[in-house]
Amino acid sequence: RMSFTRRLIPAGAAALMLALVPVAVASAPSVTITPWNSTRTIAASTDTCPFPIEVHSEGTFRESVYSDGRDVTTVSDFHITWTNAVNGKAIHSVLGGPVISRSNGDGTSTVTVDGNDALFTAPGIGVFFADVGRLVYIVDDSDPNVPPVVLQSTGHQDTALFPAVCAALA
């Protein structure tokens, strides 16, 4: 004959498992996989370089949107190549790490970028542009022209490729 306590343990475990199943299902994110292959040209100008630059980006975005509003985008096998359109000299960067965006409920979002968002080096120059480490900032969801408010910046975050990229591609 089974004791009262021994009957409760399996029944309690089964009830706990049934209670956890809806939570696991409810928290599964909506996932979108987007292949990316883009080439654009940056015209020669006084604000860029004295030669046109072809920028080629290729890889895959994986966006996971969770029920709590968290939006996590990661990249895989993502490469960026900048090429001097006149002499063919090129520089490359591999991207990695997530971009996490969470709505603040007030028309803004907090964005966190961890990892390598770009790292360019060139022979004889070394690192001339880096956006690596951790960057946390707030953006206006309705107006991309409003400058972000930086909350945290650790690692190495350069703000502009120009004019450094010109010397690397000359």
# chains A, B, ... in the order shown; residues from 1 in each chain; ligands from 1
$ select_by_dssp --residues "segment 4-149 of chain A" --states "alpha helix (DSSP H)" --output "list in words"
Phe4, Thr5, Arg6, Arg7, Leu8, Ile9, Pro10, Ala11, Gly12, Ala13, Ala14, Ala15, Leu16, Met17, Leu18, Ala19, Leu20, Val21, Pro22, Val23, Ala24, Val25 and Ala26 of chain A
$ residues_around --residues "segment 114-125 of chain A" --least-positions-apart "4" --cutoff "7 Å" --atoms "only C-alpha atoms" --output "NGL selection string"
:A and (91-99 or 129-135 or 168)
$ write_last_selection --atoms "N, CA, C and O atoms" --output "CSV table (one decimal), in the first residue's frame"
chain,number,residue,atom,x,y,z
A,91,ILE,N,39.5,47.2,-47.5
A,91,ILE,CA,39.6,46.8,-46.1
A,91,ILE,C,38.4,46.0,-45.7
A,91,ILE,O,37.3,46.2,-46.4
A,92,HIS,N,38.5,45.2,-44.7
A,92,HIS,CA,37.4,44.3,-44.3
A,92,HIS,C,37.2,44.3,-42.8
A,92,HIS,O,38.1,44.5,-42.0
A,93,SER,N,35.9,44.0,-42.4
A,93,SER,CA,35.6,43.9,-41.0
A,93,SER,C,34.5,42.8,-40.9
A,93,SER,O,33.6,42.6,-41.8
A,94,VAL,N,34.6,41.9,-39.9
A,94,VAL,CA,33.6,40.9,-39.6
A,94,VAL,C,32.8,41.4,-38.4
A,94,VAL,O,33.4,41.9,-37.4
A,95,LEU,N,31.5,41.3,-38.5
A,95,LEU,CA,30.7,41.8,-37.4
A,95,LEU,C,30.2,40.6,-36.5
A,95,LEU,O,30.1,39.5,-37.0
A,96,GLY,N,30.0,40.8,-35.3
A,96,GLY,CA,29.5,39.8,-34.4
A,96,GLY,C,29.0,40.4,-33.1
A,96,GLY,O,29.4,41.5,-32.7
A,97,GLY,N,28.0,39.7,-32.5
A,97,GLY,CA,27.5,40.2,-31.2
A,97,GLY,C,26.0,40.7,-31.5
A,97,GLY,O,25.6,41.0,-32.6
A,98,PRO,N,25.3,40.7,-30.4
A,98,PRO,CA,23.8,41.1,-30.6
A,98,PRO,C,23.6,42.6,-30.4
A,98,PRO,O,24.4,43.3,-29.9
A,99,VAL,N,22.5,43.0,-31.0
A,99,VAL,CA,21.9,44.3,-30.8
A,99,VAL,C,20.6,44.0,-30.1
A,99,VAL,O,19.7,43.4,-30.7
A,129,PHE,N,39.8,52.3,-37.0
A,129,PHE,CA,38.4,52.5,-36.6
A,129,PHE,C,37.9,51.2,-35.9
A,129,PHE,O,38.1,50.1,-36.4
A,130,ALA,N,37.3,51.5,-34.7
A,130,ALA,CA,36.8,50.3,-34.0
A,130,ALA,C,35.5,50.8,-33.3
A,130,ALA,O,35.4,51.9,-32.8
A,131,ASP,N,34.6,49.9,-33.3
A,131,ASP,CA,33.3,50.0,-32.6
A,131,ASP,C,33.1,48.7,-31.9
A,131,ASP,O,32.3,47.8,-32.4
A,132,VAL,N,33.8,48.4,-30.8
A,132,VAL,CA,33.8,47.2,-30.1
A,132,VAL,C,33.7,47.4,-28.6
A,132,VAL,O,34.1,48.4,-28.1
A,133,GLY,N,33.1,46.5,-28.0
A,133,GLY,CA,32.8,46.6,-26.5
A,133,GLY,C,31.4,46.6,-26.2
A,133,GLY,O,30.6,45.8,-26.8
A,134,ARG,N,31.0,47.5,-25.4
A,134,ARG,CA,29.5,47.6,-25.0
A,134,ARG,C,29.1,49.1,-25.1
A,134,ARG,O,29.7,50.0,-24.6
A,135,LEU,N,28.0,49.2,-25.8
A,135,LEU,CA,27.4,50.6,-26.0
A,135,LEU,C,25.9,50.5,-25.7
A,135,LEU,O,25.2,49.6,-26.2
A,168,ALA,N,43.7,54.6,-45.2
A,168,ALA,CA,43.8,53.1,-45.4
A,168,ALA,C,43.6,52.7,-46.8
A,168,ALA,O,44.1,51.6,-47.2
$ atom_distance --atom1 "atom CA of Pro29 of chain A" --atom2 "atom CA of Ser103 of chain A"
15.7 Å
$ residues_around --residues "Cys49 of chain A" --least-positions-apart "6" --cutoff "10 Å" --atoms "only C-alpha atoms" --output "number ranges by chain"
A: 42-43, 84, 162-167, 169-170
$ residues_around --residues "Thr39 of chain A" --least-positions-apart "6" --cutoff "7 Å" --atoms "only C-alpha atoms" --output "list in words"
Glu54, Val55, His56 and Ser57 of chain A
$ closest_residue --among "A:Ala28, A:Ser67, A:His79, A:Thr108" --to "Asp143 of chain A" --atoms "only C-alpha atoms"
A:Thr108
$ closest_residue --among "A:Thr41, A:Thr112, A:Thr48, A:Thr34" --to "Ala160 of chain A" --atoms "only C-alpha atoms"
A:Thr48
$ closest_residue --among "A:Phe78, A:Glu63, A:Asp71, A:Leu161" --to "Trp36 of chain A" --atoms "only C-alpha atoms"
A:Phe78
$ atom_distance --atom1 "atom CA of Thr60 of chain A" --atom2 "atom CA of Thr81 of chain A"
15.4 Å
$ select_by_dssp --residues "segment 1-167 of chain A" --states "strand (DSSP E or B)" --output "tab-separated table (two decimals) with N, CA, C and O atoms, in the first residue's frame"
chain	number	residue	atom	x	y	z
A	30	SER	N	9.33	35.19	-31.42
A	30	SER	CA	9.04	35.16	-32.85
A	30	SER	C	10.38	35.43	-33.54
A	30	SER	O	11.02	36.45	-33.28
A	31	VAL	N	10.81	34.52	-34.42
A	31	VAL	CA	12.13	34.62	-35.03
A	31	VAL	C	12.01	34.88	-36.53
A	31	VAL	O	11.23	34.22	-37.21
A	32	THR	N	12.78	35.86	-37.00
A	32	THR	CA	12.84	36.17	-38.42
A	32	THR	C	14.30	36.10	-38.87
A	32	THR	O	15.16	36.72	-38.25
A	33	ILE	N	14.57	35.33	-39.92
A	33	ILE	CA	15.91	35.22	-40.49
A	33	ILE	C	15.92	36.01	-41.80
A	33	ILE	O	15.08	35.78	-42.67
A	34	THR	N	16.84	36.98	-41.91
A	34	THR	CA	16.90	37.82	-43.10
A	34	THR	C	18.30	37.81	-43.71
A	34	THR	O	19.24	38.35	-43.11
A	35	PRO	N	18.46	37.19	-44.87
A	35	PRO	CA	19.76	37.28	-45.56
A	35	PRO	C	19.98	38.72	-46.03
A	35	PRO	O	19.03	39.40	-46.42
A	36	TRP	N	21.22	39.17	-45.99
A	36	TRP	CA	21.53	40.54	-46.38
A	36	TRP	C	22.69	40.52	-47.37
A	36	TRP	O	23.70	39.87	-47.13
A	37	ASN	N	22.53	41.24	-48.47
A	37	ASN	CA	23.59	41.37	-49.46
A	37	ASN	C	23.38	42.72	-50.12
A	37	ASN	O	22.44	42.89	-50.90
A	38	SER	N	24.22	43.68	-49.78
A	38	SER	CA	24.01	45.05	-50.25
A	38	SER	C	25.33	45.68	-50.67
A	38	SER	O	26.35	45.50	-50.00
A	39	THR	N	25.27	46.41	-51.76
A	39	THR	CA	26.43	47.19	-52.21
A	39	THR	C	25.96	48.61	-52.47
A	39	THR	O	24.92	48.82	-53.10
A	40	ARG	N	26.70	49.56	-51.95
A	40	ARG	CA	26.39	50.98	-52.19
A	40	ARG	C	27.69	51.72	-52.43
A	40	ARG	O	28.77	51.22	-52.10
A	41	THR	N	27.58	52.90	-53.00
A	41	THR	CA	28.76	53.71	-53.26
A	41	THR	C	28.68	55.01	-52.48
A	41	THR	O	27.64	55.68	-52.49
A	42	ILE	N	29.76	55.33	-51.80
A	42	ILE	CA	29.88	56.63	-51.12
A	42	ILE	C	30.65	57.52	-52.08
A	42	ILE	O	31.80	57.23	-52.45
A	53	ILE	N	33.97	55.31	-52.75
A	53	ILE	CA	34.18	54.06	-52.01
A	53	ILE	C	32.97	53.16	-52.22
A	53	ILE	O	31.82	53.59	-52.03
A	54	GLU	N	33.25	51.92	-52.59
A	54	GLU	CA	32.18	50.92	-52.70
A	54	GLU	C	32.12	50.16	-51.37
A	54	GLU	O	33.14	49.66	-50.90
A	55	VAL	N	30.94	50.11	-50.78
A	55	VAL	CA	30.74	49.42	-49.50
A	55	VAL	C	29.86	48.21	-49.77
A	55	VAL	O	28.72	48.34	-50.22
A	56	HIS	N	30.40	47.03	-49.49
A	56	HIS	CA	29.64	45.79	-49.67
A	56	HIS	C	29.45	45.13	-48.31
A	56	HIS	O	30.41	44.91	-47.58
A	57	SER	N	28.18	44.83	-47.97
A	57	SER	CA	27.83	44.16	-46.71
A	57	SER	C	27.09	42.87	-47.04
A	57	SER	O	26.18	42.88	-47.87
A	58	GLU	N	27.48	41.80	-46.37
A	58	GLU	CA	26.83	40.52	-46.64
A	58	GLU	C	26.82	39.66	-45.39
A	58	GLU	O	27.80	39.60	-44.65
A	59	GLY	N	25.68	39.02	-45.13
A	59	GLY	CA	25.54	38.13	-43.99
A	59	GLY	C	24.09	37.84	-43.72
A	59	GLY	O	23.24	37.99	-44.59
A	60	THR	N	23.80	37.43	-42.49
A	60	THR	CA	22.43	37.07	-42.11
A	60	THR	C	22.08	37.72	-40.79
A	60	THR	O	22.86	37.68	-39.83
A	61	PHE	N	20.88	38.33	-40.75
A	61	PHE	CA	20.33	38.87	-39.50
A	61	PHE	C	19.36	37.85	-38.93
A	61	PHE	O	18.54	37.29	-39.67
A	62	ARG	N	19.41	37.63	-37.62
A	62	ARG	CA	18.44	36.80	-36.93
A	62	ARG	C	17.79	37.66	-35.86
A	62	ARG	O	18.44	38.05	-34.90
A	63	GLU	N	16.51	37.98	-36.06
A	63	GLU	CA	15.80	38.84	-35.12
A	63	GLU	C	14.82	37.99	-34.31
A	63	GLU	O	14.01	37.26	-34.86
A	64	SER	N	14.93	38.09	-32.98
A	64	SER	CA	14.03	37.39	-32.07
A	64	SER	C	13.27	38.43	-31.27
A	64	SER	O	13.88	39.24	-30.57
A	65	VAL	N	11.94	38.41	-31.39
A	65	VAL	CA	11.10	39.35	-30.63
A	65	VAL	C	10.36	38.54	-29.57
A	65	VAL	O	9.63	37.60	-29.89
A	71	ASP	N	13.69	42.91	-28.19
A	71	ASP	CA	13.97	42.63	-29.60
A	71	ASP	C	15.48	42.41	-29.72
A	71	ASP	O	16.26	43.34	-29.52
A	72	VAL	N	15.91	41.18	-30.01
A	72	VAL	CA	17.32	40.83	-30.07
A	72	VAL	C	17.68	40.48	-31.51
A	72	VAL	O	17.09	39.58	-32.09
A	73	THR	N	18.63	41.21	-32.08
A	73	THR	CA	19.10	40.91	-33.42
A	73	THR	C	20.56	40.51	-33.34
A	73	THR	O	21.38	41.22	-32.75
A	74	THR	N	20.88	39.35	-33.92
A	74	THR	CA	22.26	38.90	-34.00
A	74	THR	C	22.61	38.73	-35.48
A	74	THR	O	21.74	38.62	-36.33
A	75	VAL	N	23.89	38.73	-35.76
A	75	VAL	CA	24.36	38.55	-37.13
A	75	VAL	C	25.19	37.28	-37.18
A	75	VAL	O	25.81	36.89	-36.20
A	76	SER	N	25.18	36.65	-38.34
A	76	SER	CA	26.05	35.50	-38.53
A	76	SER	C	26.71	35.61	-39.89
A	76	SER	O	26.11	36.09	-40.85
A	77	ASP	N	27.96	35.20	-39.91
A	77	ASP	CA	28.76	35.23	-41.14
A	77	ASP	C	28.60	36.57	-41.86
A	77	ASP	O	28.33	36.62	-43.05
A	78	PHE	N	28.74	37.66	-41.08
A	78	PHE	CA	28.50	39.00	-41.61
A	78	PHE	C	29.82	39.71	-41.84
A	78	PHE	O	30.64	39.83	-40.94
A	79	HIS	N	30.02	40.18	-43.08
A	79	HIS	CA	31.26	40.83	-43.47
A	79	HIS	C	30.97	42.16	-44.15
A	79	HIS	O	29.99	42.28	-44.89
A	80	ILE	N	31.83	43.14	-43.91
A	80	ILE	CA	31.74	44.44	-44.58
A	80	ILE	C	33.09	44.68	-45.27
A	80	ILE	O	34.14	44.51	-44.66
A	81	THR	N	33.02	45.09	-46.54
A	81	THR	CA	34.23	45.42	-47.29
A	81	THR	C	34.08	46.82	-47.86
A	81	THR	O	33.07	47.13	-48.51
A	82	TRP	N	35.06	47.67	-47.61
A	82	TRP	CA	35.13	49.01	-48.18
A	82	TRP	C	36.25	48.98	-49.22
A	82	TRP	O	37.38	48.60	-48.89
A	83	THR	N	35.92	49.40	-50.46
A	83	THR	CA	36.90	49.35	-51.54
A	83	THR	C	37.02	50.71	-52.21
A	83	THR	O	36.02	51.33	-52.57
A	84	ASN	N	38.26	51.15	-52.40
A	84	ASN	CA	38.53	52.37	-53.16
A	84	ASN	C	38.19	52.04	-54.62
A	84	ASN	O	38.79	51.16	-55.22
A	90	ALA	N	41.25	47.48	-50.66
A	90	ALA	CA	40.07	47.18	-49.84
A	90	ALA	C	40.46	46.92	-48.39
A	90	ALA	O	41.58	46.50	-48.09
A	91	ILE	N	39.50	47.16	-47.50
A	91	ILE	CA	39.61	46.83	-46.08
A	91	ILE	C	38.36	46.03	-45.71
A	91	ILE	O	37.32	46.15	-46.36
A	92	HIS	N	38.48	45.19	-44.66
A	92	HIS	CA	37.39	44.30	-44.29
A	92	HIS	C	37.16	44.33	-42.79
A	92	HIS	O	38.08	44.55	-42.02
A	93	SER	N	35.90	44.05	-42.41
A	93	SER	CA	35.55	43.86	-41.01
A	93	SER	C	34.51	42.76	-40.93
A	93	SER	O	33.64	42.65	-41.78
A	94	VAL	N	34.64	41.94	-39.89
A	94	VAL	CA	33.64	40.92	-39.60
A	94	VAL	C	32.83	41.42	-38.41
A	94	VAL	O	33.40	41.91	-37.44
A	95	LEU	N	31.50	41.31	-38.49
A	95	LEU	CA	30.65	41.76	-37.39
A	95	LEU	C	30.23	40.58	-36.54
A	95	LEU	O	30.08	39.47	-37.03
A	96	GLY	N	30.00	40.83	-35.27
A	96	GLY	CA	29.52	39.79	-34.37
A	96	GLY	C	28.97	40.41	-33.10
A	96	GLY	O	29.36	41.50	-32.71
A	99	VAL	N	22.48	42.98	-31.02
A	99	VAL	CA	21.91	44.31	-30.78
A	99	VAL	C	20.58	44.05	-30.11
A	99	VAL	O	19.73	43.36	-30.67
A	100	ILE	N	20.41	44.54	-28.90
A	100	ILE	CA	19.19	44.30	-28.13
A	100	ILE	C	18.46	45.62	-27.95
A	100	ILE	O	19.03	46.58	-27.46
A	101	SER	N	17.20	45.64	-28.38
A	101	SER	CA	16.38	46.84	-28.26
A	101	SER	C	15.18	46.52	-27.38
A	101	SER	O	14.51	45.52	-27.59
A	102	ARG	N	14.93	47.38	-26.39
A	102	ARG	CA	13.79	47.18	-25.49
A	102	ARG	C	13.03	48.50	-25.39
A	102	ARG	O	13.59	49.53	-25.07
A	103	SER	N	11.74	48.42	-25.69
A	103	SER	CA	10.89	49.61	-25.61
A	103	SER	C	10.82	50.10	-24.17
A	103	SER	O	10.69	49.30	-23.23
A	108	THR	N	10.41	55.82	-26.63
A	108	THR	CA	11.86	55.63	-26.80
A	108	THR	C	12.18	54.15	-26.58
A	108	THR	O	11.38	53.40	-26.02
A	109	SER	N	13.37	53.76	-27.01
A	109	SER	CA	13.87	52.41	-26.76
A	109	SER	C	15.29	52.50	-26.26
A	109	SER	O	16.04	53.41	-26.63
A	110	THR	N	15.66	51.55	-25.41
A	110	THR	CA	17.04	51.43	-24.97
A	110	THR	C	17.69	50.34	-25.82
A	110	THR	O	17.16	49.23	-25.94
A	111	VAL	N	18.81	50.69	-26.44
A	111	VAL	CA	19.52	49.79	-27.34
A	111	VAL	C	20.86	49.43	-26.70
A	111	VAL	O	21.58	50.32	-26.23
A	112	THR	N	21.17	48.14	-26.69
A	112	THR	CA	22.45	47.66	-26.16
A	112	THR	C	23.16	46.89	-27.27
A	112	THR	O	22.59	45.98	-27.86
A	113	VAL	N	24.41	47.29	-27.55
A	113	VAL	CA	25.23	46.61	-28.55
A	113	VAL	C	26.44	46.06	-27.82
A	113	VAL	O	27.24	46.82	-27.27
A	114	ASP	N	26.55	44.73	-27.80
A	114	ASP	CA	27.71	44.06	-27.19
A	114	ASP	C	28.50	43.36	-28.28
A	114	ASP	O	27.91	42.67	-29.12
A	115	GLY	N	29.79	43.52	-28.27
A	115	GLY	CA	30.62	42.77	-29.22
A	115	GLY	C	31.29	43.65	-30.24
A	115	GLY	O	31.68	44.79	-29.97
A	116	ASN	N	31.41	43.12	-31.45
A	116	ASN	CA	32.14	43.78	-32.53
A	116	ASN	C	31.14	44.32	-33.55
A	116	ASN	O	30.54	43.55	-34.30
A	117	ASP	N	30.97	45.61	-33.57
A	117	ASP	CA	30.08	46.24	-34.55
A	117	ASP	C	30.88	46.72	-35.76
A	117	ASP	O	30.30	47.09	-36.75
A	118	ALA	N	32.17	46.74	-35.66
A	118	ALA	CA	33.10	47.03	-36.77
A	118	ALA	C	34.50	47.17	-36.19
A	118	ALA	O	34.68	47.73	-35.11
A	119	LEU	N	35.47	46.66	-36.92
A	119	LEU	CA	36.87	46.78	-36.54
A	119	LEU	C	37.69	46.76	-37.82
A	119	LEU	O	37.74	45.75	-38.51
A	120	PHE	N	38.26	47.91	-38.15
A	120	PHE	CA	39.05	48.02	-39.38
A	120	PHE	C	40.51	48.26	-39.03
A	120	PHE	O	40.83	49.10	-38.19
A	121	THR	N	41.39	47.52	-39.72
A	121	THR	CA	42.83	47.70	-39.59
A	121	THR	C	43.42	47.78	-40.99
A	121	THR	O	42.79	47.35	-41.96
A	122	ALA	N	44.62	48.32	-41.07
A	122	ALA	CA	45.32	48.39	-42.35
A	122	ALA	C	46.82	48.27	-42.10
A	122	ALA	O	47.32	48.76	-41.07
A	126	GLY	N	47.55	50.00	-38.58
A	126	GLY	CA	46.97	49.28	-37.43
A	126	GLY	C	45.48	49.56	-37.37
A	126	GLY	O	44.83	49.80	-38.39
A	127	VAL	N	44.94	49.56	-36.17
A	127	VAL	CA	43.51	49.84	-35.99
A	127	VAL	C	43.27	51.32	-36.25
A	127	VAL	O	43.88	52.17	-35.62
A	128	PHE	N	42.40	51.62	-37.21
A	128	PHE	CA	42.08	53.02	-37.46
A	128	PHE	C	40.60	53.32	-37.23
A	128	PHE	O	40.19	54.47	-37.21
A	129	PHE	N	39.79	52.27	-37.04
A	129	PHE	CA	38.39	52.47	-36.64
A	129	PHE	C	37.94	51.23	-35.90
A	129	PHE	O	38.12	50.10	-36.36
A	130	ALA	N	37.33	51.46	-34.74
A	130	ALA	CA	36.79	50.34	-33.96
A	130	ALA	C	35.50	50.77	-33.29
A	130	ALA	O	35.37	51.89	-32.79
A	131	ASP	N	34.55	49.86	-33.32
A	131	ASP	CA	33.30	50.01	-32.59
A	131	ASP	C	33.07	48.66	-31.92
A	131	ASP	O	32.30	47.83	-32.39
A	132	VAL	N	33.83	48.43	-30.84
A	132	VAL	CA	33.81	47.16	-30.14
A	132	VAL	C	33.66	47.39	-28.65
A	132	VAL	O	34.07	48.42	-28.13
A	133	GLY	N	33.07	46.45	-27.97
A	133	GLY	CA	32.85	46.56	-26.53
A	133	GLY	C	31.37	46.58	-26.23
A	133	GLY	O	30.60	45.78	-26.76
A	134	ARG	N	30.95	47.53	-25.40
A	134	ARG	CA	29.54	47.63	-25.00
A	134	ARG	C	29.10	49.07	-25.14
A	134	ARG	O	29.74	49.99	-24.64
A	135	LEU	N	27.98	49.25	-25.84
A	135	LEU	CA	27.40	50.57	-26.03
A	135	LEU	C	25.92	50.48	-25.70
A	135	LEU	O	25.21	49.62	-26.23
A	136	VAL	N	25.45	51.34	-24.81
A	136	VAL	CA	24.04	51.38	-24.42
A	136	VAL	C	23.55	52.80	-24.64
A	136	VAL	O	24.17	53.76	-24.16
A	137	TYR	N	22.44	52.94	-25.38
A	137	TYR	CA	21.92	54.27	-25.66
A	137	TYR	C	20.40	54.23	-25.81
A	137	TYR	O	19.79	53.18	-25.99
A	138	ILE	N	19.80	55.42	-25.71
A	138	ILE	CA	18.35	55.57	-25.86
A	138	ILE	C	18.08	56.29	-27.18
A	138	ILE	O	18.75	57.28	-27.50
A	139	VAL	N	17.10	55.77	-27.94
A	139	VAL	CA	16.72	56.38	-29.22
A	139	VAL	C	15.24	56.75	-29.20
A	139	VAL	O	14.44	56.16	-28.47
A	140	ASP	N	14.90	57.75	-29.99
A	140	ASP	CA	13.51	58.15	-30.20
A	140	ASP	C	12.94	57.21	-31.26
A	140	ASP	O	13.45	57.15	-32.38
A	149	VAL	N	20.91	59.19	-26.91
A	149	VAL	CA	21.47	59.57	-25.63
A	149	VAL	C	22.29	58.38	-25.14
A	149	VAL	O	21.75	57.30	-24.86
A	150	VAL	N	23.62	58.56	-25.05
A	150	VAL	CA	24.50	57.47	-24.65
A	150	VAL	C	24.47	57.32	-23.13
A	150	VAL	O	24.71	58.28	-22.40
A	151	LEU	N	24.18	56.09	-22.68
A	151	LEU	CA	24.15	55.80	-21.25
A	151	LEU	C	25.44	55.13	-20.78
A	151	LEU	O	25.89	55.35	-19.67
A	152	GLN	N	26.04	54.30	-21.66
A	152	GLN	CA	27.26	53.59	-21.30
A	152	GLN	C	28.07	53.33	-22.57
A	152	GLN	O	27.51	52.94	-23.60
A	153	SER	N	29.36	53.54	-22.47
A	153	SER	CA	30.25	53.25	-23.58
A	153	SER	C	31.56	52.71	-23.01
A	153	SER	O	32.32	53.45	-22.39
A	154	THR	N	31.77	51.40	-23.19
A	154	THR	CA	33.01	50.78	-22.73
A	154	THR	C	33.65	50.07	-23.92
A	154	THR	O	32.97	49.71	-24.88
A	155	GLY	N	34.92	49.88	-23.87
A	155	GLY	CA	35.62	49.28	-25.00
A	155	GLY	C	36.20	50.39	-25.84
A	155	GLY	O	36.71	51.38	-25.33
A	156	HIS	N	36.08	50.25	-27.14
A	156	HIS	CA	36.63	51.24	-28.06
A	156	HIS	C	35.55	51.59	-29.07
A	156	HIS	O	35.21	50.78	-29.93
A	157	GLN	N	35.00	52.78	-28.98
A	157	GLN	CA	33.98	53.24	-29.91
A	157	GLN	C	34.41	54.53	-30.58
A	157	GLN	O	34.34	55.61	-29.99
$ atom_distance --atom1 "atom CA of Gly107 of chain A" --atom2 "atom CA of Asp141 of chain A"
5.6 Å
$ decode --residues "segment 68-85 of chain A" --atoms "N, CA and C atoms" --output "PDB file, in the first residue's frame"
ATOM      1  N   ASP A  68       7.820  39.971 -23.985  1.00  0.00           N
ATOM      2  CA  ASP A  68       7.983  41.135 -23.100  1.00  0.00           C
ATOM      3  C   ASP A  68       8.438  42.385 -23.863  1.00  0.00           C
ATOM      4  N   GLY A  69       8.531  42.282 -25.220  1.00  0.00           N
ATOM      5  CA  GLY A  69       8.913  43.433 -26.035  1.00  0.00           C
ATOM      6  C   GLY A  69      10.391  43.508 -26.362  1.00  0.00           C
ATOM      7  N   ARG A  70      11.193  42.647 -25.756  1.00  0.00           N
ATOM      8  CA  ARG A  70      12.628  42.644 -26.043  1.00  0.00           C
ATOM      9  C   ARG A  70      12.841  42.188 -27.472  1.00  0.00           C
ATOM     10  N   ASP A  71      13.690  42.910 -28.193  1.00  0.00           N
ATOM     11  CA  ASP A  71      13.974  42.627 -29.604  1.00  0.00           C
ATOM     12  C   ASP A  71      15.483  42.411 -29.723  1.00  0.00           C
ATOM     13  N   VAL A  72      15.905  41.183 -30.013  1.00  0.00           N
ATOM     14  CA  VAL A  72      17.322  40.833 -30.071  1.00  0.00           C
ATOM     15  C   VAL A  72      17.678  40.479 -31.512  1.00  0.00           C
ATOM     16  N   THR A  73      18.627  41.207 -32.075  1.00  0.00           N
ATOM     17  CA  THR A  73      19.101  40.911 -33.423  1.00  0.00           C
ATOM     18  C   THR A  73      20.564  40.506 -33.342  1.00  0.00           C
ATOM     19  N   THR A  74      20.876  39.353 -33.922  1.00  0.00           N
ATOM     20  CA  THR A  74      22.258  38.899 -34.000  1.00  0.00           C
ATOM     21  C   THR A  74      22.613  38.730 -35.479  1.00  0.00           C
ATOM     22  N   VAL A  75      23.891  38.733 -35.759  1.00  0.00           N
ATOM     23  CA  VAL A  75      24.355  38.552 -37.126  1.00  0.00           C
ATOM     24  C   VAL A  75      25.186  37.283 -37.183  1.00  0.00           C
ATOM     25  N   SER A  76      25.175  36.648 -38.344  1.00  0.00           N
ATOM     26  CA  SER A  76      26.052  35.498 -38.531  1.00  0.00           C
ATOM     27  C   SER A  76      26.711  35.608 -39.890  1.00  0.00           C
ATOM     28  N   ASP A  77      27.959  35.195 -39.914  1.00  0.00           N
ATOM     29  CA  ASP A  77      28.762  35.229 -41.137  1.00  0.00           C
ATOM     30  C   ASP A  77      28.600  36.567 -41.855  1.00  0.00           C
ATOM     31  N   PHE A  78      28.738  37.655 -41.083  1.00  0.00           N
ATOM     32  CA  PHE A  78      28.497  38.998 -41.613  1.00  0.00           C
ATOM     33  C   PHE A  78      29.822  39.711 -41.843  1.00  0.00           C
ATOM     34  N   HIS A  79      30.018  40.176 -43.077  1.00  0.00           N
ATOM     35  CA  HIS A  79      31.264  40.835 -43.470  1.00  0.00           C
ATOM     36  C   HIS A  79      30.966  42.165 -44.149  1.00  0.00           C
ATOM     37  N   ILE A  80      31.833  43.141 -43.905  1.00  0.00           N
ATOM     38  CA  ILE A  80      31.742  44.435 -44.582  1.00  0.00           C
ATOM     39  C   ILE A  80      33.085  44.681 -45.274  1.00  0.00           C
ATOM     40  N   THR A  81      33.020  45.086 -46.537  1.00  0.00           N
ATOM     41  CA  THR A  81      34.230  45.420 -47.295  1.00  0.00           C
ATOM     42  C   THR A  81      34.076  46.818 -47.865  1.00  0.00           C
ATOM     43  N   TRP A  82      35.065  47.670 -47.608  1.00  0.00           N
ATOM     44  CA  TRP A  82      35.131  49.012 -48.181  1.00  0.00           C
ATOM     45  C   TRP A  82      36.248  48.984 -49.216  1.00  0.00           C
ATOM     46  N   THR A  83      35.924  49.401 -50.457  1.00  0.00           N
ATOM     47  CA  THR A  83      36.899  49.349 -51.545  1.00  0.00           C
ATOM     48  C   THR A  83      37.025  50.712 -52.215  1.00  0.00           C
ATOM     49  N   ASN A  84      38.263  51.147 -52.399  1.00  0.00           N
ATOM     50  CA  ASN A  84      38.535  52.366 -53.163  1.00  0.00           C
ATOM     51  C   ASN A  84      38.188  52.039 -54.616  1.00  0.00           C
ATOM     52  N   ALA A  85      37.189  52.726 -55.175  1.00  0.00           N
ATOM     53  CA  ALA A  85      36.710  52.438 -56.533  1.00  0.00           C
ATOM     54  C   ALA A  85      37.729  52.806 -57.606  1.00  0.00           C
TER      55      ALA A  85
END
